[in-house]
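Here the structure is laid out as structure tokens; the discussion comes afterwards.
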Amino acid sequence: MAAHDEIADWYEEEFLAGQRGRDPLGIDRAIRDLLGEGSGVCLEIGCGTGVHAVLVRELGWTPVGVDLSAGMLRHARGRLPVARADAGRLPLRDNSVPAVVSVMVHTDMPEYPAVLREVARVLEPGGVFVHVGVHLGFCGGFADRSDPAAVVLKPGYLDGHWTKESWTEQGIRDKVGASHWPLPALLNAFLDAGPTPRRFTEGGTPLPLVLGVATTTPPDTHRTPRP
């Protein structure tokens, strides 16, 4: 995660500065819609600098974050309790949290299907998981969004790959790279993880840039604890 350590200050002080007080991609709207009001711990995997903690608190939850990047967590510590940890092996007991969120980070996790299985392990029976990420159909190295009135799609969507190719130098992909899956691969990963998909949303114009998914663990779920 050295690359994310290197961009942590830029991300906090420049990239996020242009978005404060605004929700151009509908990320906050997606969190409100899919997570909703509740209580208890809401774990954010890949919490970065912790910018979503305020909204999670507004909804009644107690935010806690994990991330691999020490640089990002240096900014996050003033916003929520955090731990430096691998999302593929969370430092939590089985069935221990009522809610988990993943916000705009799945492209940073090449083993995201394994992360989804780990999320399913730590969720309480009846718990909710909310994924908000880039829309795989309209955002990636194959998509040119430089014209605000149109999105140009080039070959590449069907190839699962990692790339630093980007239409802008003001974003994150050109600096640290991003993983890509075709949409069915991501949706099948949700199904394979176990919890039941219950709601979807999109955000961004003129074509969606964000895809949100909420899944719920069955209330009678019982799992064998991990060794």
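In the structure tokens, each chain is lettered A, B, ... as it comes, each chain's residues begin at 1, and ligands are numbered from 1 in order of appearance.
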Pick out each residue of segment 127-178 of chain A that DSSP on the backbone tags as strand (DSSP E or B); I need them as a ChimeraX atom specification.
/A:127-134,143-144,152-153,161-163,178
Any chance you could export the current selection's N, CA, C and O atoms as an mmCIF file, in the first residue's frame?
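To be explicit, this is the file written out as result-v8.cif:
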data_model
loop_
_atom_site.group_PDB
_atom_site.id
_atom_site.type_symbol
_atom_site.label_atom_id
_atom_site.label_comp_id
_atom_site.auth_asym_id
_atom_site.auth_seq_id
_atom_site.Cartn_x
_atom_site.Cartn_y
_atom_site.Cartn_z
ATOM 1 N N GLY A 127 -27.392 -8.852 9.576
ATOM 2 C CA GLY A 127 -26.568 -7.671 9.337
ATOM 3 C C GLY A 127 -26.606 -7.221 7.892
ATOM 4 O O GLY A 127 -26.956 -7.974 6.980
ATOM 5 N N VAL A 128 -26.214 -5.958 7.674
ATOM 6 C CA VAL A 128 -26.267 -5.371 6.345
ATOM 7 C C VAL A 128 -24.858 -4.992 5.880
ATOM 8 O O VAL A 128 -24.041 -4.511 6.664
ATOM 9 N N PHE A 129 -24.585 -5.260 4.611
ATOM 10 C CA PHE A 129 -23.354 -4.817 3.978
ATOM 11 C C PHE A 129 -23.704 -3.891 2.823
ATOM 12 O O PHE A 129 -24.559 -4.216 1.992
ATOM 13 N N VAL A 130 -23.041 -2.737 2.788
ATOM 14 C CA VAL A 130 -23.278 -1.752 1.732
ATOM 15 C C VAL A 130 -21.989 -1.536 0.949
ATOM 16 O O VAL A 130 -20.950 -1.163 1.514
ATOM 17 N N HIS A 131 -22.066 -1.792 -0.345
ATOM 18 C CA HIS A 131 -20.969 -1.553 -1.278
ATOM 19 C C HIS A 131 -21.331 -0.348 -2.138
ATOM 20 O O HIS A 131 -22.387 -0.341 -2.778
ATOM 21 N N VAL A 132 -20.472 0.662 -2.140
ATOM 22 C CA VAL A 132 -20.614 1.791 -3.060
ATOM 23 C C VAL A 132 -19.285 1.907 -3.800
ATOM 24 O O VAL A 132 -18.246 2.162 -3.184
ATOM 25 N N GLY A 133 -19.312 1.686 -5.108
ATOM 26 C CA GLY A 133 -18.071 1.705 -5.871
ATOM 27 C C GLY A 133 -18.274 2.269 -7.261
ATOM 28 O O GLY A 133 -19.399 2.572 -7.671
ATOM 29 N N VAL A 134 -17.179 2.402 -8.003
ATOM 30 C CA VAL A 134 -17.299 2.901 -9.371
ATOM 31 C C VAL A 134 -18.164 1.941 -10.176
ATOM 32 O O VAL A 134 -18.157 0.726 -9.955
ATOM 33 N N ALA A 143 -13.030 3.807 -20.340
ATOM 34 C CA ALA A 143 -14.044 4.863 -20.449
ATOM 35 C C ALA A 143 -13.403 6.241 -20.433
ATOM 36 O O ALA A 143 -12.603 6.561 -19.552
ATOM 37 N N ASP A 144 -13.760 7.063 -21.414
ATOM 38 C CA ASP A 144 -13.281 8.436 -21.496
ATOM 39 C C ASP A 144 -14.431 9.359 -21.105
ATOM 40 O O ASP A 144 -15.426 9.470 -21.830
ATOM 41 N N VAL A 152 -17.382 8.126 -23.652
ATOM 42 C CA VAL A 152 -16.931 7.313 -24.777
ATOM 43 C C VAL A 152 -16.340 6.013 -24.228
ATOM 44 O O VAL A 152 -15.394 6.042 -23.427
ATOM 45 N N LEU A 153 -16.921 4.874 -24.639
ATOM 46 C CA LEU A 153 -16.462 3.567 -24.179
ATOM 47 C C LEU A 153 -15.615 2.906 -25.252
ATOM 48 O O LEU A 153 -16.042 2.764 -26.392
ATOM 49 N N HIS A 161 -8.783 -6.657 -15.390
ATOM 50 C CA HIS A 161 -7.399 -6.220 -15.439
ATOM 51 C C HIS A 161 -7.129 -5.128 -14.412
ATOM 52 O O HIS A 161 -8.044 -4.551 -13.829
ATOM 53 N N TRP A 162 -5.868 -4.856 -14.212
ATOM 54 C CA TRP A 162 -5.400 -3.722 -13.423
ATOM 55 C C TRP A 162 -4.796 -2.716 -14.377
ATOM 56 O O TRP A 162 -4.076 -3.085 -15.308
ATOM 57 N N THR A 163 -5.086 -1.430 -14.159
ATOM 58 C CA THR A 163 -4.578 -0.413 -15.087
ATOM 59 C C THR A 163 -4.410 0.927 -14.389
ATOM 60 O O THR A 163 -5.074 1.214 -13.382
ATOM 61 N N ALA A 178 -5.882 0.713 -10.667
ATOM 62 C CA ALA A 178 -7.172 0.200 -10.215
ATOM 63 C C ALA A 178 -7.437 -1.147 -10.863
ATOM 64 O O ALA A 178 -7.035 -1.394 -12.006
#
Residues within 6 Å of Asn95 of chain A, only C-alpha atoms, excluding chain neighbours under 6 positions, as a PyMOL selection string:
chain A and resi 122-124
Option closest in space to Phe138 of chain A, from A:Gly177, A:Gly160, A:Gly65, A:Gly204 [counting only C-alpha atoms]:
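Once distances to Phe138 of chain A are computed over only C-alpha atoms, the minimum belongs to A:Gly204.
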Pick out the residues sitting within 8 Å of Asp159 of chain A, and hand them over as a PyMOL selection string; count only C-alpha atoms, and ignore anything fewer than 6 positions along from it in its own chain.
chain A and resi 180-182
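With only C-alpha atoms as the atoms that count, the minimum distance from Asp94 of chain A to the choices A:Arg117, A:Arg77, A:Arg145, A:Arg32 is reached by A:Arg117.
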Which residues are near Ala70 of chain A? Cut-off 8 Å, only C-alpha atoms, ignore same chain within fewer than 4 positions. Put them as a PyMOL selection string.
chain A and resi 5+74+84
Closest of A:Arg89, A:Arg173, A:Arg199, A:His135 to Gly26 of chain A - atom-to-atom distances counting only C-alpha atoms:
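Counting only C-alpha atoms, the residue closest to Gly26 of chain A is A:His135.
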List the neighbours of segment 7-16 of chain A out to 6 Å using only C-alpha atoms; skip same-chain residues closer than 3 positions along the sequence, and give me the result as a VMD selection string.
chain A and resid 4 19 71 to 72
Rank nothing, just name the residue among A:Met109, A:Ala120, A:Val51, A:Leu211 nearest to Leu34 of chain A, using only C-alpha atoms.
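Closest candidate: A:Leu211.
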Can you tell me which residues surround Arg79 of chain A at a distance of at most 8 Å, considering only C-alpha atoms, apart from same-chain residues fewer than 4 positions away, and format the answer as an mmCIF file with C-alpha atoms, in the first residue's frame?
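out.cif was written with the following content:
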data_model
loop_
_atom_site.group_PDB
_atom_site.id
_atom_site.type_symbol
_atom_site.label_atom_id
_atom_site.label_comp_id
_atom_site.auth_asym_id
_atom_site.auth_seq_id
_atom_site.Cartn_x
_atom_site.Cartn_y
_atom_site.Cartn_z
ATOM 1 C CA GLY A 50 -12.367 8.505 7.266
ATOM 2 C CA VAL A 51 -14.434 11.093 5.417
ATOM 3 C CA ALA A 53 -17.665 8.742 9.319
ATOM 4 C CA VAL A 54 -19.736 11.920 9.757
ATOM 5 C CA HIS A 75 -5.776 11.518 8.628
#
Close residues, Gly126 of chain A itself excluded, 7 Å, only C-alpha atoms, min 3 positions apart in chain, as a PyMOL selection string
chain A and resi 216-219
Can those selected residues be exported to a file as a PDB file, in the first residue's frame so that it contains all heavy atoms?
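As a result, part_36.pdb now contains:
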ATOM      1  N   THR A 216     -27.928  -8.424   2.700  1.00  0.00           N
ATOM      2  CA  THR A 216     -28.326  -8.707   4.070  1.00  0.00           C
ATOM      3  C   THR A 216     -28.061 -10.168   4.410  1.00  0.00           C
ATOM      4  O   THR A 216     -28.367 -11.061   3.620  1.00  0.00           O
ATOM      5  CB  THR A 216     -29.827  -8.418   4.287  1.00  0.00           C
ATOM      6  OG1 THR A 216     -30.099  -7.056   3.917  1.00  0.00           O
ATOM      7  CG2 THR A 216     -30.209  -8.620   5.748  1.00  0.00           C
ATOM      8  N   THR A 217     -27.493 -10.399   5.580  1.00  0.00           N
ATOM      9  CA  THR A 217     -27.274 -11.751   6.068  1.00  0.00           C
ATOM     10  C   THR A 217     -28.577 -12.295   6.639  1.00  0.00           C
ATOM     11  O   THR A 217     -29.247 -11.600   7.411  1.00  0.00           O
ATOM     12  CB  THR A 217     -26.196 -11.755   7.168  1.00  0.00           C
ATOM     13  OG1 THR A 217     -25.004 -11.172   6.651  1.00  0.00           O
ATOM     14  CG2 THR A 217     -25.905 -13.166   7.645  1.00  0.00           C
ATOM     15  N   PRO A 218     -28.979 -13.499   6.282  1.00  0.00           N
ATOM     16  CA  PRO A 218     -30.217 -14.060   6.840  1.00  0.00           C
ATOM     17  C   PRO A 218     -30.192 -14.042   8.366  1.00  0.00           C
ATOM     18  O   PRO A 218     -29.147 -14.272   8.981  1.00  0.00           O
ATOM     19  CB  PRO A 218     -30.223 -15.500   6.308  1.00  0.00           C
ATOM     20  CG  PRO A 218     -29.408 -15.431   5.057  1.00  0.00           C
ATOM     21  CD  PRO A 218     -28.342 -14.404   5.319  1.00  0.00           C
ATOM     22  N   PRO A 219     -31.323 -13.758   9.009  1.00  0.00           N
ATOM     23  CA  PRO A 219     -31.347 -13.636  10.471  1.00  0.00           C
ATOM     24  C   PRO A 219     -31.046 -14.928  11.205  1.00  0.00           C
ATOM     25  O   PRO A 219     -30.679 -14.899  12.375  1.00  0.00           O
ATOM     26  CB  PRO A 219     -32.774 -13.158  10.760  1.00  0.00           C
ATOM     27  CG  PRO A 219     -33.567 -13.552   9.561  1.00  0.00           C
ATOM     28  CD  PRO A 219     -32.629 -13.459   8.404  1.00  0.00           C
TER      29      PRO A 219
END
So, counting only C-alpha atoms, which residue among A:Thr107, A:Ser146, A:Ser166, A:Thr196 is closest to Ser179 of chain A?
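Of the candidates, the smallest distance to Ser179 of chain A is held by A:Thr107.
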Could you tell me how far atom CA of Thr205 of chain A lies from atom CA of Ile27 of chain A, in Å and to one decimal?
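Here the two named atoms are 12.6 Å from each other.
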Out of segment 21-217 of chain A, which residues get helix (DSSP H, G or I) from DSSP, as a PyMOL selection string?
chain A and resi 27-34+53-58+70-76+106-108+112-122+173-176+183-193
Can you write out the residues you just picked, keeping C-alpha atoms, as a short mmCIF file (atom, residue, chain, number, x, y, z; two decimals), in the first residue's frame?
data_model
loop_
_atom_site.label_atom_id
_atom_site.label_comp_id
_atom_site.auth_asym_id
_atom_site.auth_seq_id
_atom_site.Cartn_x
_atom_site.Cartn_y
_atom_site.Cartn_z
CA ILE A 27 -22.06 8.68 -2.91
CA ASP A 28 -23.68 10.15 0.21
CA ARG A 29 -27.12 9.56 -1.27
CA ALA A 30 -26.25 5.93 -1.90
CA ILE A 31 -25.03 5.44 1.67
CA ARG A 32 -28.20 7.01 3.07
CA ASP A 33 -30.40 4.93 0.79
CA LEU A 34 -28.65 1.59 1.25
CA ALA A 53 -17.67 8.74 9.32
CA VAL A 54 -19.74 11.92 9.76
CA LEU A 55 -22.57 10.60 7.60
CA VAL A 56 -22.47 7.17 9.24
CA ARG A 57 -22.84 8.88 12.65
CA GLU A 58 -25.70 11.02 11.36
CA ALA A 70 -0.78 4.08 7.38
CA GLY A 71 -0.71 7.38 5.51
CA MET A 72 -4.47 7.39 5.03
CA LEU A 73 -5.10 6.33 8.62
CA ARG A 74 -2.99 9.23 9.87
CA HIS A 75 -5.78 11.52 8.63
CA ALA A 76 -8.60 9.18 9.66
CA HIS A 106 -13.16 -2.20 -4.33
CA THR A 107 -10.89 -1.27 -7.27
CA ASP A 108 -8.04 -0.97 -4.75
CA TYR A 112 -12.30 -8.25 -3.54
CA PRO A 113 -14.33 -11.49 -3.82
CA ALA A 114 -12.33 -12.82 -0.85
CA VAL A 115 -13.01 -9.57 0.99
CA LEU A 116 -16.74 -10.06 0.42
CA ARG A 117 -16.52 -13.52 1.98
CA GLU A 118 -14.69 -12.05 4.96
CA VAL A 119 -17.39 -9.39 5.32
CA ALA A 120 -20.00 -12.16 5.38
CA ARG A 121 -18.05 -13.88 8.17
CA VAL A 122 -17.99 -10.88 10.53
CA ARG A 173 -6.45 5.62 -10.97
CA ASP A 174 -3.61 7.35 -12.83
CA LYS A 175 -1.60 7.55 -9.58
CA VAL A 176 -2.06 4.15 -7.91
CA LEU A 183 -20.23 -6.34 -13.97
CA PRO A 184 -21.31 -10.03 -13.86
CA ALA A 185 -18.04 -10.96 -12.14
CA LEU A 186 -18.71 -8.48 -9.33
CA LEU A 187 -22.39 -9.40 -8.97
CA ASN A 188 -21.54 -13.10 -8.89
CA ALA A 189 -18.99 -12.39 -6.16
CA PHE A 190 -21.79 -10.89 -4.06
CA LEU A 191 -23.90 -14.01 -4.62
CA ASP A 192 -21.00 -16.37 -3.86
CA ALA A 193 -20.24 -14.58 -0.58
#
Of the residues A:Gly140, A:Pro98, A:Gly46, A:Gly60, which is the one nearest to Leu209 of chain A, using only C-alpha atoms?
A:Gly140
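For the pair atom CA of Thr49 of chain A and atom CA of Gly137 of chain A, the separation is 26.9 Å.
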